[in-house]
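Just entry29.cif here, mmCIF, C-alpha atoms; chains and numbers go by the auth columns:
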```cif
data_protein
loop_
_atom_site.group_PDB
_atom_site.id
_atom_site.type_symbol
_atom_site.label_atom_id
_atom_site.label_comp_id
_atom_site.label_asym_id
_atom_site.label_seq_id
_atom_site.Cartn_x
_atom_site.Cartn_y
_atom_site.Cartn_z
_atom_site.B_iso_or_equiv
_atom_site.auth_seq_id
_atom_site.auth_asym_id
ATOM 1 C CA MET A 1 0.690 -4.418 -48.895 0.00 1 A
ATOM 2 C CA SER A 2 4.337 -3.558 -49.433 0.00 2 A
ATOM 3 C CA LYS A 3 7.139 -5.578 -47.837 0.00 3 A
ATOM 4 C CA THR A 4 8.132 -2.645 -45.613 0.00 4 A
ATOM 5 C CA LEU A 5 4.579 -2.181 -44.384 0.00 5 A
ATOM 6 C CA GLU A 6 4.222 -5.929 -43.771 0.00 6 A
ATOM 7 C CA ALA A 7 7.483 -6.011 -41.820 0.00 7 A
ATOM 8 C CA ARG A 8 6.393 -3.023 -39.729 0.00 8 A
ATOM 9 C CA ALA A 9 3.000 -4.604 -39.010 0.00 9 A
ATOM 10 C CA GLY A 10 4.697 -7.862 -38.023 0.00 10 A
ATOM 11 C CA TRP A 11 7.124 -6.066 -35.726 0.00 11 A
ATOM 12 C CA LEU A 12 4.272 -4.079 -34.165 0.00 12 A
ATOM 13 C CA LEU A 13 2.384 -7.314 -33.459 0.00 13 A
ATOM 14 C CA VAL A 14 5.463 -8.793 -31.761 0.00 14 A
ATOM 15 C CA VAL A 15 5.852 -5.671 -29.607 0.00 15 A
ATOM 16 C CA VAL A 16 2.166 -5.588 -28.601 0.00 16 A
ATOM 17 C CA VAL A 17 2.209 -9.273 -27.629 0.00 17 A
ATOM 18 C CA GLY A 18 5.499 -8.772 -25.754 0.00 18 A
ATOM 19 C CA VAL A 19 4.086 -5.845 -23.791 0.00 19 A
ATOM 20 C CA ALA A 20 0.908 -7.772 -22.991 0.00 20 A
ATOM 21 C CA LEU A 21 2.910 -10.751 -21.744 0.00 21 A
ATOM 22 C CA ASN A 22 5.012 -8.516 -19.487 0.00 22 A
ATOM 23 C CA LEU A 23 1.990 -6.920 -17.829 0.00 23 A
ATOM 24 C CA ARG A 24 0.543 -10.224 -16.594 0.00 24 A
ATOM 25 C CA PRO A 25 3.218 -11.737 -14.314 0.00 25 A
ATOM 26 C CA ALA A 26 3.164 -8.825 -11.860 0.00 26 A
ATOM 27 C CA ILE A 27 -0.454 -9.675 -11.053 0.00 27 A
ATOM 28 C CA ALA A 28 -0.523 -13.417 -11.655 0.00 28 A
ATOM 29 C CA ALA A 29 2.591 -14.250 -9.605 0.00 29 A
ATOM 30 C CA VAL A 30 1.203 -13.245 -6.212 0.00 30 A
ATOM 31 C CA PRO A 31 -1.913 -15.443 -5.658 0.00 31 A
ATOM 32 C CA PRO A 32 -0.092 -18.806 -5.846 0.00 32 A
ATOM 33 C CA LEU A 33 2.480 -17.536 -3.325 0.00 33 A
ATOM 34 C CA LEU A 34 0.086 -15.656 -1.070 0.00 34 A
ATOM 35 C CA ASP A 35 0.141 -18.200 1.781 0.00 35 A
ATOM 36 C CA THR A 36 3.947 -18.165 1.803 0.00 36 A
ATOM 37 C CA ILE A 37 4.074 -14.355 1.662 0.00 37 A
ATOM 38 C CA GLN A 38 1.549 -14.139 4.491 0.00 38 A
ATOM 39 C CA ALA A 39 3.524 -16.534 6.671 0.00 39 A
ATOM 40 C CA ASP A 40 6.921 -14.968 5.941 0.00 40 A
ATOM 41 C CA LEU A 41 5.827 -11.371 6.538 0.00 41 A
ATOM 42 C CA GLY A 42 3.114 -12.000 9.112 0.00 42 A
ATOM 43 C CA LEU A 43 0.394 -10.439 6.953 0.00 43 A
ATOM 44 C CA SER A 44 -3.174 -10.568 8.156 0.00 44 A
ATOM 45 C CA ALA A 45 -5.968 -11.702 5.862 0.00 45 A
ATOM 46 C CA THR A 46 -6.761 -8.019 5.292 0.00 46 A
ATOM 47 C CA GLY A 47 -3.155 -7.286 4.353 0.00 47 A
ATOM 48 C CA ALA A 48 -3.101 -10.220 1.951 0.00 48 A
ATOM 49 C CA GLY A 49 -6.375 -9.076 0.409 0.00 49 A
ATOM 50 C CA LEU A 50 -4.986 -5.573 -0.032 0.00 50 A
ATOM 51 C CA LEU A 51 -1.903 -6.985 -1.711 0.00 51 A
ATOM 52 C CA THR A 52 -3.995 -8.781 -4.332 0.00 52 A
ATOM 53 C CA ALA A 53 -6.467 -5.907 -4.740 0.00 53 A
ATOM 54 C CA LEU A 54 -3.910 -3.107 -5.105 0.00 54 A
ATOM 55 C CA PRO A 55 -3.080 -3.702 -8.800 0.00 55 A
ATOM 56 C CA VAL A 56 -6.785 -3.831 -9.662 0.00 56 A
ATOM 57 C CA VAL A 57 -7.426 -0.574 -7.812 0.00 57 A
ATOM 58 C CA CYS A 58 -4.490 0.982 -9.668 0.00 58 A
ATOM 59 C CA MET A 59 -6.050 -0.054 -12.979 0.00 59 A
ATOM 60 C CA GLY A 60 -9.173 1.886 -12.117 0.00 60 A
ATOM 61 C CA LEU A 61 -7.400 4.933 -10.766 0.00 61 A
ATOM 62 C CA PHE A 62 -4.469 5.271 -13.151 0.00 62 A
ATOM 63 C CA ALA A 63 -5.876 4.095 -16.490 0.00 63 A
ATOM 64 C CA PRO A 64 -6.790 7.666 -17.499 0.00 64 A
ATOM 65 C CA VAL A 65 -3.159 8.657 -16.906 0.00 65 A
ATOM 66 C CA GLY A 66 -2.102 6.337 -19.747 0.00 66 A
ATOM 67 C CA ALA A 67 -4.031 8.231 -22.400 0.00 67 A
ATOM 68 C CA ALA A 68 -2.875 11.605 -21.080 0.00 68 A
ATOM 69 C CA LEU A 69 0.736 10.445 -20.931 0.00 69 A
ATOM 70 C CA ALA A 70 0.564 9.107 -24.490 0.00 70 A
ATOM 71 C CA ARG A 71 -0.749 12.452 -25.743 0.00 71 A
ATOM 72 C CA ARG A 72 2.009 14.296 -23.908 0.00 72 A
ATOM 73 C CA VAL A 73 5.081 12.170 -24.700 0.00 73 A
ATOM 74 C CA GLY A 74 3.914 9.820 -27.475 0.00 74 A
ATOM 75 C CA ARG A 75 2.694 6.235 -27.394 0.00 75 A
ATOM 76 C CA GLU A 76 6.091 4.595 -27.641 0.00 76 A
ATOM 77 C CA ALA A 77 7.547 6.604 -24.776 0.00 77 A
ATOM 78 C CA ALA A 78 4.427 6.037 -22.679 0.00 78 A
ATOM 79 C CA VAL A 79 4.597 2.261 -23.234 0.00 79 A
ATOM 80 C CA SER A 80 8.297 2.326 -22.333 0.00 80 A
ATOM 81 C CA CYS A 81 7.468 4.239 -19.154 0.00 81 A
ATOM 82 C CA ALA A 82 4.759 1.707 -18.288 0.00 82 A
ATOM 83 C CA LEU A 83 7.128 -1.228 -18.780 0.00 83 A
ATOM 84 C CA ALA A 84 9.802 0.516 -16.709 0.00 84 A
ATOM 85 C CA LEU A 85 7.297 1.018 -13.876 0.00 85 A
ATOM 86 C CA VAL A 86 6.283 -2.643 -14.017 0.00 86 A
ATOM 87 C CA GLY A 87 9.935 -3.716 -13.955 0.00 87 A
ATOM 88 C CA VAL A 88 10.947 -1.402 -11.120 0.00 88 A
ATOM 89 C CA GLY A 89 7.853 -2.298 -9.103 0.00 89 A
ATOM 90 C CA THR A 90 8.393 -6.015 -9.572 0.00 90 A
ATOM 91 C CA LEU A 91 12.042 -5.725 -8.514 0.00 91 A
ATOM 92 C CA ALA A 92 11.115 -3.584 -5.513 0.00 92 A
ATOM 93 C CA ARG A 93 8.645 -6.187 -4.267 0.00 93 A
ATOM 94 C CA GLY A 94 11.463 -8.639 -3.762 0.00 94 A
ATOM 95 C CA ALA A 95 13.956 -6.097 -2.430 0.00 95 A
ATOM 96 C CA GLY A 96 13.374 -6.626 1.249 0.00 96 A
ATOM 97 C CA ALA A 97 11.761 -8.812 3.834 0.00 97 A
ATOM 98 C CA SER A 98 9.219 -6.225 4.941 0.00 98 A
ATOM 99 C CA VAL A 99 5.852 -4.959 3.844 0.00 99 A
ATOM 100 C CA VAL A 100 7.106 -1.541 2.674 0.00 100 A
ATOM 101 C CA PRO A 101 8.846 -2.744 -0.514 0.00 101 A
ATOM 102 C CA LEU A 102 6.110 -5.323 -1.031 0.00 102 A
ATOM 103 C CA TYR A 103 3.234 -2.828 -1.042 0.00 103 A
ATOM 104 C CA GLY A 104 5.298 -0.016 -2.596 0.00 104 A
ATOM 105 C CA GLY A 105 6.495 -2.241 -5.414 0.00 105 A
ATOM 106 C CA THR A 106 2.989 -3.577 -5.962 0.00 106 A
ATOM 107 C CA LEU A 107 1.693 -0.008 -6.196 0.00 107 A
ATOM 108 C CA VAL A 108 4.372 1.019 -8.713 0.00 108 A
ATOM 109 C CA ALA A 109 3.858 -2.134 -10.796 0.00 109 A
ATOM 110 C CA GLY A 110 0.078 -1.612 -10.654 0.00 110 A
ATOM 111 C CA ILE A 111 0.454 1.917 -12.009 0.00 111 A
ATOM 112 C CA GLY A 112 2.629 0.597 -14.839 0.00 112 A
ATOM 113 C CA ILE A 113 0.098 -2.126 -15.615 0.00 113 A
ATOM 114 C CA ALA A 114 -2.712 0.432 -15.692 0.00 114 A
ATOM 115 C CA ILE A 115 -0.833 2.709 -18.080 0.00 115 A
ATOM 116 C CA GLY A 116 0.367 -0.147 -20.288 0.00 116 A
ATOM 117 C CA GLY A 117 -3.056 -1.774 -20.379 0.00 117 A
ATOM 118 C CA VAL A 118 -4.641 1.368 -21.753 0.00 118 A
ATOM 119 C CA LEU A 119 -1.992 1.817 -24.415 0.00 119 A
#
```
Could you render the structure from this file as structure tokens?
Amino acid sequence: MSKTLEARAGWLLVVVVGVALNLRPAIAAVPPLLDTIQADLGLSATGAGLLTALPVVCMGLFAPVGAALARRVGREAAVSCALALVGVGTLARGAGASVVPLYGGTLVAGIGIAIGGVL
């Protein structure tokens, strides 16, 4: 294997691991804080369950979009779009003290996770 090819493979591995690590916190951060979120926003048990289930539902519904998006704009652009959605969704969740940014941000982050997970 040539040095250039080895360097490219190494860089690709770093990028893949970096993307994978950035997809996890949007899902894993909520369960430990769920009691606090419930108390602060007055969420019912159903609302709290929906909050934790929403990213998983997005993975089922939006995973096919990832492959289609990659074919349309290319893998790199599709992964960038997925990471942008995760970032925007995660920021939106903390943007206000109401359920609208919480659920909206979770939905947007879940779509990004679904697209990024496929790619």
request  = On this file, the PyMOL selection byres ((chain A and resi 99-108) around 8) gives some set of residues; write that set as a list in words.
outcome  =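 Applying the expression gives Ala26, Leu41, Leu51, Leu54, Pro55, Cys58, Leu85, Val86, Val88, Gly89, Thr90, Leu91, Ala92, Arg93, Gly94, Ala95, Gly96, Ala97, Ser98, Ala109, Gly110, Ile111 and Gly112 of chain A.
Going from CA of Ala70 (chain A) to CA of Leu12 (chain A) covers 16.8 Å.
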request  = Do a neighbour search on Gly60 (chain A) at 12 Å with only C-alpha atoms, toss out local chain neighbours closer than 6 positions, and write the hits as a list in words.
outcome  = Ala53, Leu54, Gly66, Gly110, Ile111, Ile113, Ala114, Ile115, Gly117 and Val118 of chain A
Preceding selection exported with C-alpha atoms as a PDB file, in the coordinates of the input:
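Written file, selection-v1.pdb:
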```
ATOM      1  CA  ALA A  53      -6.467  -5.907  -4.740  1.00  0.00           C
ATOM      2  CA  LEU A  54      -3.910  -3.107  -5.105  1.00  0.00           C
ATOM      3  CA  GLY A  66      -2.102   6.337 -19.747  1.00  0.00           C
ATOM      4  CA  GLY A 110       0.078  -1.612 -10.654  1.00  0.00           C
ATOM      5  CA  ILE A 111       0.454   1.917 -12.009  1.00  0.00           C
ATOM      6  CA  ILE A 113       0.098  -2.126 -15.615  1.00  0.00           C
ATOM      7  CA  ALA A 114      -2.712   0.432 -15.692  1.00  0.00           C
ATOM      8  CA  ILE A 115      -0.833   2.709 -18.080  1.00  0.00           C
ATOM      9  CA  GLY A 117      -3.056  -1.774 -20.379  1.00  0.00           C
ATOM     10  CA  VAL A 118      -4.641   1.368 -21.753  1.00  0.00           C
TER      11      VAL A 118
END
```
request  = Can you work out the spacing between CA of Ser44 (chain A) and CA of Asn22 (chain A) in Å, to one decimal?
outcome  =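 CA of Asn22 (chain A) lies at a distance of 28.9 Å from CA of Ser44 (chain A).
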task = Record the distance separating CA of Leu61 (chain A) and CA of Ala82 (chain A), expressed in Å with one decimal.
result =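 So the answer is 14.7 Å.
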Please, what is the axis-aligned box for every listed atom of region 49-67 of chain A with 6 Å on each side, as centre and edge lengths in Å to one decimal, as JSON?
```
{"center_x": -5.5, "center_y": -0.2, "center_z": -11.0, "size_x": 19.3, "size_y": 29.7, "size_z": 34.8}
```
